[in-house]
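Undergrad: Structure file upload_10.txt, compact mmCIF, C-alpha atoms, is pasted below:
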```
# COMPACT_ATOMS: atom_id res chain seq x y z
CA MET A 1 0.00 0.00 0.00
CA LEU A 2 2.49 2.58 -1.24
CA THR A 3 1.66 6.22 -0.54
CA ILE A 4 3.62 8.98 -2.23
CA VAL A 5 3.71 12.75 -1.71
CA GLU A 6 2.99 14.90 -4.75
CA SER A 7 3.25 18.60 -5.45
CA LEU A 8 0.45 19.86 -7.70
CA ALA A 9 2.42 22.93 -8.78
CA PRO A 10 6.07 24.04 -8.58
CA GLU A 11 5.36 26.57 -5.82
CA PHE A 12 4.29 23.74 -3.50
CA GLU A 13 7.42 21.66 -4.02
CA THR A 14 9.12 22.79 -0.79
CA GLU A 15 6.02 22.02 1.28
CA ALA A 16 5.61 18.63 -0.40
CA GLN A 17 9.19 17.75 0.39
CA ALA A 18 8.70 18.81 4.01
CA TRP A 19 5.69 16.49 4.37
CA SER A 20 7.61 13.69 2.66
CA THR A 21 10.46 14.03 5.13
CA ARG A 22 8.25 14.39 8.17
CA LEU A 23 5.99 11.43 7.35
CA GLY A 24 8.70 9.23 5.88
CA LEU A 25 6.83 8.90 2.58
CA PRO A 26 8.55 8.76 -0.83
CA ARG A 27 8.01 11.33 -3.55
CA VAL A 28 7.84 8.70 -6.29
CA GLY A 29 7.30 4.95 -6.41
CA GLU A 30 6.21 2.09 -8.63
CA LYS A 31 2.43 1.69 -8.78
CA PRO A 32 1.53 3.78 -5.70
CA ALA A 33 -1.90 3.14 -4.20
CA PHE A 34 -2.40 6.60 -2.67
CA ALA A 35 -1.07 10.10 -3.07
CA LEU A 36 -0.84 12.80 -0.44
CA GLN A 37 -1.10 15.90 -2.59
CA VAL A 38 -0.05 19.46 -1.78
CA GLY A 39 -1.75 22.17 -3.80
CA PRO A 40 -3.68 25.45 -3.74
CA GLN A 41 -6.55 23.92 -1.74
CA GLY A 42 -4.20 22.51 0.88
CA LEU A 43 -3.24 18.94 1.74
CA ARG A 44 -5.45 16.15 0.44
CA LEU A 45 -5.40 12.35 0.17
CA LEU A 46 -6.24 10.66 -3.13
CA ASP A 47 -6.89 7.00 -3.88
CA LEU A 48 -5.14 6.25 -7.19
CA GLY A 49 -7.09 3.09 -7.96
CA GLU A 50 -9.58 2.69 -10.78
CA GLU A 51 -13.07 4.08 -10.10
CA ALA A 52 -11.76 5.53 -6.84
CA PRO A 53 -13.59 8.42 -5.16
CA GLY A 54 -12.14 11.90 -5.32
CA PRO A 55 -9.70 13.32 -2.79
CA ILE A 56 -10.53 14.02 0.84
CA GLN A 57 -9.16 16.65 3.18
CA ALA A 58 -9.95 18.30 6.49
CA ASP A 59 -12.17 21.25 5.62
CA PHE A 60 -13.52 23.60 8.28
CA ILE A 61 -14.35 26.45 5.91
CA GLY A 62 -16.79 25.41 3.16
CA GLY A 63 -19.18 22.74 2.01
CA ALA A 64 -21.11 20.61 4.47
CA VAL A 65 -19.12 21.92 7.43
CA ALA A 66 -20.08 25.52 6.66
CA HIS A 67 -23.73 24.55 6.23
CA ARG A 68 -23.78 22.70 9.54
CA ARG A 69 -22.03 25.59 11.30
CA GLN A 70 -24.74 27.99 10.13
CA PHE A 71 -27.83 25.77 10.13
CA GLY A 72 -26.92 22.67 12.15
CA GLY A 73 -29.27 23.11 15.07
CA GLY A 74 -26.88 24.52 17.67
CA ALA A 75 -27.15 23.12 21.17
CA GLY A 76 -30.14 21.02 20.09
CA GLN A 77 -27.89 18.64 18.12
CA MET A 78 -27.62 15.15 19.53
CA ILE A 79 -23.85 15.38 19.93
CA ALA A 80 -24.28 18.54 21.98
CA LYS A 81 -26.78 16.85 24.27
CA ALA A 82 -24.51 13.82 24.56
CA VAL A 83 -21.49 15.78 25.80
CA GLY A 84 -23.66 17.83 28.16
CA VAL A 85 -23.95 21.23 26.46
CA GLN A 86 -26.60 23.19 28.37
CA PRO A 87 -27.24 26.84 29.25
CA GLY A 88 -24.11 27.98 31.08
CA ILE A 89 -22.34 24.67 30.50
CA ARG A 90 -19.70 24.28 27.81
CA PRO A 91 -17.56 21.35 28.97
CA ALA A 92 -13.91 20.93 28.08
CA VAL A 93 -13.88 17.96 25.71
CA MET A 94 -11.16 15.59 24.55
CA ASP A 95 -11.94 13.99 21.19
CA ALA A 96 -9.62 11.01 21.39
CA THR A 97 -10.49 9.67 17.91
CA ALA A 98 -10.38 12.94 16.00
CA GLY A 99 -10.27 11.76 12.36
CA LEU A 100 -10.91 14.80 10.18
CA GLY A 101 -12.21 16.76 13.14
CA ARG A 102 -15.83 17.31 12.15
CA ASP A 103 -17.37 16.41 15.49
CA ALA A 104 -14.72 18.40 17.33
CA PHE A 105 -15.47 21.40 15.11
CA VAL A 106 -19.19 21.15 15.89
CA LEU A 107 -18.43 21.20 19.62
CA ALA A 108 -16.02 24.11 19.24
CA THR A 109 -18.68 25.97 17.24
CA LEU A 110 -20.90 25.65 20.31
CA GLY A 111 -18.17 27.13 22.51
CA CYS A 112 -16.50 24.03 23.94
CA SER A 113 -12.73 23.89 24.14
CA VAL A 114 -11.69 20.68 22.40
CA THR A 115 -8.46 18.70 22.56
CA LEU A 116 -8.11 16.47 19.49
CA ILE A 117 -6.00 13.31 19.43
CA GLU A 118 -5.22 11.50 16.18
CA ARG A 119 -2.87 8.55 16.05
CA ASN A 120 -2.58 7.96 12.31
CA PRO A 121 0.16 10.22 10.92
CA ILE A 122 -1.45 10.79 7.52
CA VAL A 123 -4.89 11.55 8.93
CA GLY A 124 -3.16 13.76 11.50
CA ALA A 125 -1.38 15.63 8.71
CA LEU A 126 -4.70 16.28 6.94
CA LEU A 127 -6.20 17.51 10.20
CA GLU A 128 -3.23 19.74 11.02
CA ASP A 129 -3.37 21.30 7.56
CA GLY A 130 -7.12 21.86 7.80
CA LEU A 131 -6.77 23.63 11.14
CA ARG A 132 -3.94 25.77 9.78
CA ARG A 133 -5.99 26.91 6.79
CA ALA A 134 -9.06 27.55 8.94
CA SER A 135 -7.01 29.71 11.31
CA LEU A 136 -6.48 32.13 8.41
CA GLU A 137 -10.21 32.57 7.76
CA PRO A 138 -11.81 35.28 9.92
CA ALA A 139 -15.21 33.54 10.02
CA VAL A 140 -13.88 30.31 11.52
CA ALA A 141 -10.59 31.30 13.18
CA PRO A 142 -12.27 31.98 16.57
CA ILE A 143 -13.74 28.46 16.43
CA THR A 144 -10.55 26.63 15.54
CA ALA A 145 -8.76 28.64 18.23
CA LEU A 146 -10.70 26.45 20.67
CA MET A 147 -9.28 23.29 19.05
CA THR A 148 -5.87 21.93 20.08
CA LEU A 149 -4.37 19.00 18.18
CA HIS A 150 -2.15 16.28 19.68
CA LEU A 151 -0.65 13.64 17.39
CA GLY A 152 -0.05 10.21 18.90
CA ASP A 153 -1.67 7.10 20.29
CA ALA A 154 -4.84 8.06 22.17
CA ILE A 155 -4.52 5.34 24.81
CA ASP A 156 -0.94 6.26 25.69
CA THR A 157 -1.77 9.97 25.56
CA MET A 158 -4.69 9.60 27.96
CA ARG A 159 -2.80 7.33 30.32
CA ASN A 160 0.09 9.80 30.52
CA TRP A 161 -1.93 13.04 30.44
CA THR A 162 -0.39 15.64 32.77
CA SER A 163 -2.44 18.76 31.96
CA ALA A 164 -5.85 19.51 33.45
CA PRO A 165 -8.06 16.51 32.70
CA PRO A 166 -11.00 17.02 30.34
CA GLU A 167 -14.49 17.05 31.75
CA VAL A 168 -15.68 14.89 28.85
CA VAL A 169 -13.86 12.37 26.66
CA TYR A 170 -15.54 11.72 23.32
CA LEU A 171 -14.84 8.54 21.33
CA ASP A 172 -15.92 7.52 17.84
CA PRO A 173 -13.97 4.29 17.21
CA MET A 174 -13.64 2.97 13.68
CA PHE A 175 -16.32 0.38 13.10
CA PRO A 176 -17.97 -1.21 10.04
CA HIS A 177 -20.26 1.83 9.68
CA ARG A 178 -23.54 1.42 7.87
CA ASP A 179 -23.96 5.12 7.11
CA LYS A 180 -25.01 5.29 3.46
CA SER A 181 -24.00 8.88 2.72
CA ALA A 182 -21.59 9.30 -0.17
CA LEU A 183 -19.21 11.36 1.97
CA VAL A 184 -18.90 8.73 4.68
CA LYS A 185 -18.46 5.90 2.18
CA LYS A 186 -15.74 7.88 0.42
CA GLU A 187 -13.86 8.56 3.63
CA MET A 188 -14.21 4.99 4.87
CA ARG A 189 -12.78 3.67 1.60
CA LEU A 190 -9.75 5.93 1.90
CA PHE A 191 -9.24 5.70 5.65
CA ARG A 192 -9.71 2.01 6.32
CA PRO A 193 -6.46 0.88 4.65
CA PHE A 194 -4.60 3.30 6.91
CA VAL A 195 -6.38 3.03 10.25
CA GLY A 196 -8.36 -0.24 10.10
CA ASP A 197 -10.88 -0.90 12.86
CA ASP A 198 -10.20 0.10 16.45
CA ASP A 199 -9.76 -3.39 17.88
CA ASP A 200 -8.45 -1.80 21.07
CA ALA A 201 -11.74 0.03 21.70
CA PRO A 202 -12.16 -1.57 25.18
CA GLU A 203 -8.73 -0.26 26.21
CA LEU A 204 -9.60 3.11 24.67
CA LEU A 205 -12.80 3.26 26.72
CA ALA A 206 -11.00 2.25 29.92
CA ALA A 207 -8.38 4.97 29.46
CA ALA A 208 -11.11 7.53 28.76
CA LEU A 209 -13.05 6.53 31.88
CA ALA A 210 -9.90 6.89 33.97
CA LEU A 211 -9.17 10.38 32.61
CA ALA A 212 -12.51 12.16 32.17
CA THR A 213 -13.74 13.98 35.25
CA HIS A 214 -17.46 14.05 34.40
CA ARG A 215 -18.44 11.72 31.56
CA VAL A 216 -17.36 9.65 28.57
CA VAL A 217 -19.39 9.65 25.36
CA VAL A 218 -19.04 6.92 22.72
CA LYS A 219 -20.57 7.33 19.27
CA ARG A 220 -21.71 4.07 17.68
CA PRO A 221 -23.79 2.93 14.72
CA ARG A 222 -27.35 2.72 16.02
CA LYS A 223 -27.56 -1.09 16.09
CA ALA A 224 -23.94 -1.79 17.05
CA PRO A 225 -23.17 -3.51 20.35
CA VAL A 226 -21.74 -1.47 23.20
CA ILE A 227 -17.99 -1.57 23.69
CA ASP A 228 -16.85 -4.35 26.02
CA GLY A 229 -16.35 -3.10 29.55
CA LEU A 230 -18.48 -0.86 31.74
CA THR A 231 -22.14 -0.65 30.74
CA PRO A 232 -23.20 2.86 29.68
CA GLY A 233 -25.51 4.72 32.00
CA TYR A 234 -27.84 5.68 29.17
CA SER A 235 -27.90 6.29 25.43
CA LEU A 236 -29.21 8.84 22.97
CA GLU A 237 -30.37 7.27 19.74
CA GLY A 238 -30.84 8.83 16.30
CA LYS A 239 -31.68 7.46 12.88
CA SER A 240 -28.25 6.01 12.14
CA SER A 241 -26.09 6.75 15.18
CA ARG A 242 -26.21 6.26 18.92
CA TYR A 243 -24.37 7.99 21.74
CA ASP A 244 -23.56 5.82 24.75
CA ILE A 245 -23.01 8.01 27.81
CA TYR A 246 -20.93 6.93 30.81
CA PRO A 247 -21.64 9.52 33.53
CA LYS A 248 -19.24 10.09 36.42
CA ARG A 249 -20.23 13.48 37.88
CA LYS A 250 -22.90 16.05 37.11
CA LEU A 251 -21.75 18.89 34.87
CA MET A 252 -22.33 22.26 36.52
CA PRO A 253 -22.46 25.80 35.10
CA GLN A 254 -19.19 27.69 35.22
CA GLY A 255 -18.53 29.42 38.50
CA ARG A 256 -20.47 26.90 40.57
```
Give the structure from this file in structure tokens form.
TA:
Amino acid sequence: MLTIVESLAPEFETEAQAWSTRLGLPRVGEKPAFALQVGPQGLRLLDLGEEAPGPIQADFIGGAVAHRRQFGGGAGQMIAKAVGVQPGIRPAVMDATAGLGRDAFVLATLGCSVTLIERNPIVGALLEDGLRRASLEPAVAPITALMTLHLGDAIDTMRNWTSAPPEVVYLDPMFPHRDKSALVKKEMRLFRPFVGDDDDAPELLAAALALATHRVVVKRPRKAPVIDGLTPGYSLEGKSSRYDIYPKRKLMPQGR
């Protein structure tokens, strides 16, 4: 599964070489399967196979993310209810399975400070680049300013966390998702060769429960079994997804 780094124009050659060096990926290779491309729209990942979907990247500025930021339902969204967003309550959240950061961005849009952890270097590179580009856009820079990215293994990071612990740890482990949207199918096709399924989900949950001060939230496909370990206190269920909540302490408004 060879992945190469490509520059889409001469002016991006230096940046492409920097990513190649940092990620340990070649610039050229025989029959590469994927290309990490550097161009005017930022860093993107492309499947080079026949009939492959188009490229993906972390985008916090336009498209579906912009629509959800403006019209997504605010604090009434299920993810907001799951992490405990209420009047006067904007918990500090750790998204330990950040991916391309969409859920973290939704929570930051609502005013939560969010620590993102991503263990796959290529996905982490896409996320880092997306946050960098968003920080230059006045409309979204105040939101991404609430998002802090850590690259590395989530279990090790949580077990060795030395800063103030998050009130909420949010997990969305890789799973054979049944979401039928074209976007999700496209991302799953590109991501799964790199990240696989999270077979260590029970250890991930245990580390999250040990670190979070108030609750752990696990996003699952609606009909998927709960993660092995502690039984969730309750769940919020939507059409295709479910949030299993593991409460520890009651979230209180700031200043109380």
Undergrad: So, with all atoms listed in the file as the atoms that count, which of A:Gly101, A:Ala92, A:Ala206, A:Ala145 lies closest to A:Ala164?
TA: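 Once distances to A:Ala164 are computed over all atoms listed in the file, the minimum belongs to A:Ala92.
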Undergrad: Counting all atoms listed in the file, which of A:Asp59, A:Leu23, A:Val65, A:Ala210 gets nearest to A:Ser135?
TA: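 Checking each candidate against A:Ser135, we get A:Asp59 as the closest.
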Undergrad: Please identify all polymer residues within 9 Å of A:Lys223, counting all atoms listed in the file, omitting same-chain residues fewer than 6 positions from it, and present them as a PyMOL selection string.
TA: chain A and resi 240-242
Undergrad: Hey, can you check how far atom CA of A:Gln86 sits from atom CA of A:Leu251?
TA: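 Going from atom CA of A:Gln86 over to atom CA of A:Leu251, I get 9.2 Å.
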Undergrad: Expressed in Å to a single decimal, how great is the separation between atom CA of A:Pro32 and atom CA of A:Ser20?
TA: 14.3 Å
Undergrad: Quick one: of A:Thr231, A:Ser163, A:Gln17, A:Gln41, who's nearest to A:Asp129, counting all atoms listed in the file?
TA: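 Distance minimum relative to A:Asp129 lands on A:Gln41.
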Undergrad: I'd like the contact shell of A:Pro166 - 7 Å cut-off, all atoms listed in the file, skipping same-chain residues fewer than 2 positions apart - returned as a list in words.
TA: Ala92, Val93, Met94, Ala164, Val168, Val169, Ala212 and Thr213 of chain A
Undergrad: Considering only C-alpha atoms, return as a PDB file with C-alpha atoms, in the coordinates of the input whatever protein or nucleic-acid residues lie within 10 Å of A:Glu137, sequence-local ones (same chain, fewer than 5 positions apart) excluded.
TA:
```pdb
ATOM      1  CA  PHE A  60     -13.520  23.600   8.280  1.00  0.00           C
ATOM      2  CA  ILE A  61     -14.350  26.450   5.910  1.00  0.00           C
ATOM      3  CA  ARG A 132      -3.940  25.770   9.780  1.00  0.00           C
ATOM      4  CA  PRO A 142     -12.270  31.980  16.570  1.00  0.00           C
ATOM      5  CA  THR A 144     -10.550  26.630  15.540  1.00  0.00           C
TER       6      THR A 144
END
```
Undergrad: Mind checking which residues fall within 8 Å of A:Ala154, counting all atoms listed in the file, ignoring those fewer than 4 positions away in the same chain, and posting them as a count of residues only?
TA: 7
Undergrad: Measuring between all atoms listed in the file, which one of A:Val226, A:Leu116, A:Pro121, A:Pro221 shows the shortest distance to A:Lys239?
TA: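 Of A:Val226, A:Leu116, A:Pro121, A:Pro221, the one nearest A:Lys239, counting all atoms listed in the file, is A:Pro221.
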